[in-house]
Each structure stands twice: as C-alpha cells, then as structure tokens.
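Quick notes on the structure that follows.
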Amino acid sequence: MPLTASSRRDFLSHGVRLTAAGSLMMAGMSSAARPDTPPVSSTPPPAVAHYQLLNVRLEEGFERDGAEIVATRTALYDITIKEGKFSAISAAGQARQPALPQWDAGGALLLPRTRDMHIHLDKTFYGGPWQAPRPRQGKTIMDMIAREQVLIPQLLPTSQARAEALIGLLQSKGSTEARSHCNIDPVSGLKSLEHLQMALANHSAFRCEIVAFPQHGLLHSQVDGLMREAMQLGVQYVGGLDPTNVDGAMQASLDAMFRIALDYDRGVDIHLHETSAAGVAAIQYMIATIARNPQLKGKVTLSHGFALATLEGKALDEIIAGMAEQQMSVASTIPIGKLTMPLPQLQAAGVTVMTGTDSVIDHWSPFGTGSMLEKANLYAQLYRGSDEFGLSRALHIATGGILPLANSGERQWPQLQDEASMMLVDASCSAEAVARIAPVRATFQRGTPVFSA
C-alpha cells in the first residue's frame, strides 16, 4: 500500500525513514550508525583455542533519570579467549596482542548463549519441503497420535539429516544447548533415538540432553521395555505424556514413569497439557511422589503444565509452594492463549523456569523460529516488561538465568574464567536485543565459533 503524506509523517516522527531504493530503515537502530562502532570483520571468527575478539560491546551499568532506569551504558572492549574461557577483558585498544589471531566484532553486543530447553529434534519437517500441519479443529490428541503413527515411518529415513539442519538453525539463533525429547514408540522403536544420537555425534560442540518421550502413551503404547532400553543407551531423562487423557490411568502412568527414573537414577521431564482437574491432580501426585522419594528432588521437570494456568489465589500458591519445596522445574514455550501461565509467580517462589521452541515445524505446529530471543521478547510482552529494566531482565528466560548486569546494575557477566559460551548480536544493549529480536552475528560454544553470519 503506498504511503500517503500523513502516513509518511507518522513514519518519520517515529524514527523511520524511506530510502531512495524504497526500503524502510529504522533511524538510530543499527549498531553501525553509532560513532564508536568500528567496521565488522568480513572473515569468520578464528576456530583456535587462543585468540582475541576486538571491539566487543559490553554492558557497564544502568543510566537513571531520578529513580527510574532509562538506558543501559555500554563500552567497547577487547576480550581474550583461551581454552574456552575468558582469560582477559580490557578496554578496546589498550591490551591487544598482535601475535594472537584476532577478529573484529565491529561493536556487536556480547550476550550469553541461549538454551532451547524443550524441542523435538527427532521428528521435524525442517530441512525438507514446506509442509503445513493438517487442520486441528475437532481433532483430539489421540487423533494427532494416529496421524503421527503414519508420519514417523515417512520421516525416519531423513530424520538424522533434519535433526542436523535444526541444530544448525538453533546455533544460528544463538543457542548452544538444548534438551530434546525423542520419540520412543512402537512405530519407530529405538530408531528415532539412534538417528538423533548420530546427529548429535556429528555436532559434538552442541550440548544436548535427551528425554525418552513415549509420545503415544507410556501405558497406551506399551513401551515400558523400550523406555528401559533407551535408558541403557545413555538417555538422561524419562519422559511422560498426559497420564489421564492418553493413558487413561493417572496414577498407574505416573508410577510407571517414576519407577523407570528410580531404577536407572535418571531425571524426569513430562509433557502435561491437561487443563482439567485431572491436570491439577497429576501435578499434586507428582509433588507427593517426589516427597516420598527424595532421590527425585531437583530432578523433575514439568513441561507445559497448562493446568497451573487454571488456578489462582490460595490453590495456586499451595501447588507452587509444593513444587518449589520439591525443587521441580518448569519448561514453558510461553504460550499465547486464553490462559496465561503464572511464570513470574513460579520464579518468585524459587521454581526454575526454562523455555524452548517445542517445534520449529512439524505436524503439531509451523510457527517456531528456533530463536530464544524471540521467547524472551514474548515473555516481556506477556508479563509487562516493556521498559529498559524489564526488557533487560526478560533475557534470563533464554539464557538460563545468566544476565550481563545484576539487578543493581553491576556487570556480572562476563567474568574472567567464565566459560566463553556466548553470542554477538546487532544491538546496543540487552533491552534492545530482546525488544527487537536482534540478529545474531556469531555464536560460540566454549570459545569455539559454531556460527557466523
């Protein structure tokens, strides 16, 4: 639609200008427009154990107008990486070592790496031809499982290649760690797991925990034996799925899941989508089970947990207190819908909250991008973090709690000898990176570059 005179004025008044080529540019938003920003290097970062990153932007503190935080102060630094850790951090230009390989970051902002703590690397459409999910209206979860039983044999021949493509996408968005659920079902047996483990072996710099996931129901699909074989193959977590809606026997399903975890000394990460009273009862039963089996304390993750969004007041406070006491964690995709997850309340009580993609594209959803900065952006929008401080704090959901500045404004990351797992983004500060979902210029895992734009 062409711009009218009034609409042009509106665009210009908000800092947007139209170039001669007819494209829109955000005035003042590009890191290249800052006077202290050197030109970025056109070569990839060095893949060596000891090198220097030059002209890296680090956050130094908050700027205030009275009591209000209104901006973030930054400066350029040269950073030395040695054996995967930060070995020196100095003002740009003051301690350069020409004998070392060097890479000019061109004023890009350094942020901690992100983590995708709920994804399904094993059954994605990503890396293949476009394929939208089929209509969901009127379909139950059992209908979706039946559809998956047809799809899995079609996806298996290319599942390793697709998983590797998806790992590459996550790295390009700043993630160097993930927790992937992997189907354990009668259709694929242990083949999905075998292919995922081969994909991960080809990407050893990508840290990934695996959850053995009985997508078709632990009891319903009778995969207890296959789940136990998966544990013997080194899987770190026992998964589960909607014990009432899918397995039809809440206590028996949860008992079977926990029994495998106890027998093999593994963690638990269960998908719980149920929003009925049965979902609340399942969470209460899990809390009680952990209390009876202290070896599970701190090792149980509730993925989704939509039933929590149906509670309020005393009922919500009590169940959150129980989760906190048993050191449960929550993995949430930060969903948009009729119900809003009580993520800030969980965190305030001491419950660890993580986020993840869930699906980039598969037969469940086509909307994932693989960006955890996008999840931080969504967190800020849902929980009213639109100011400089709130935006900067929202980054925590993507990084596993690591933030460049403490709440009081002191720089707390990076510190000498911290692991150099990080990303360089085109933004002036964390708040801008979250609000604008800043493009990632480079991603490093323990100092090794795994992606560069």
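A note on labels: chains of the structure tokens are A, B, ... as shown, every chain counts residues from 1, and ligands are counted from 1 in their shown order.
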Surrounding residues of region 237-248 of chain A excluding itself and chain neighbours under 6 positions, 8 Å, only C-alpha atoms, as a ChimeraX atom specification
/A:141-142,181,209-220,227,231,254,257-258,260-261,266-274,278-279,282
Surrounding residues of Arg64 (chain A) excluding itself and chain neighbours under 6 positions, 12 Å, only C-alpha atoms, as a count of residues only:
8
When DSSP is applied to the backbone of this structure, which of region 126-351 of chain A are assigned alpha helix (DSSP H)? Write them out as a PyMOL selection string.
chain A and resi 141-155+159-172+191-201+224-232+250-264+277-292+313-325+343-348
Out of region 161-283 of chain A, which residues get strand (DSSP E or B) from DSSP, as a list in words?
Ser175, Thr176, Glu177, Ala178, Arg179, Ser180, His181, Cys182, Asn183, Asp185, Gly189, Arg207, Cys208, Glu209, Ile210, Val211, Ala212, Phe213, Tyr237, Val238, Gly239, Gly240, Leu241, Gly267, Val268, Asp269, Ile270, His271 and Leu272 of chain A
Out of A:Leu296, A:Ala249, A:Leu111, A:Ala75, which residue has the shortest atom-to-atom distance to His396 (chain A) when counting only C-alpha atoms?
A:Leu111
Nearest-residue call for Arg393 (chain A), choices A:Ile145, A:Ala431, A:Met422, A:Val351, using only C-alpha atoms
A:Ala431
Using only C-alpha atoms, which protein or nucleic acid residues come within 8 Å of region 119-122 of chain A? Drop anything in the same chain fewer than 4 positions from it, and give the result as a PyMOL selection string.
chain A and resi 159-160+162-163+166-167+178-183+192-193+195-196+356-359
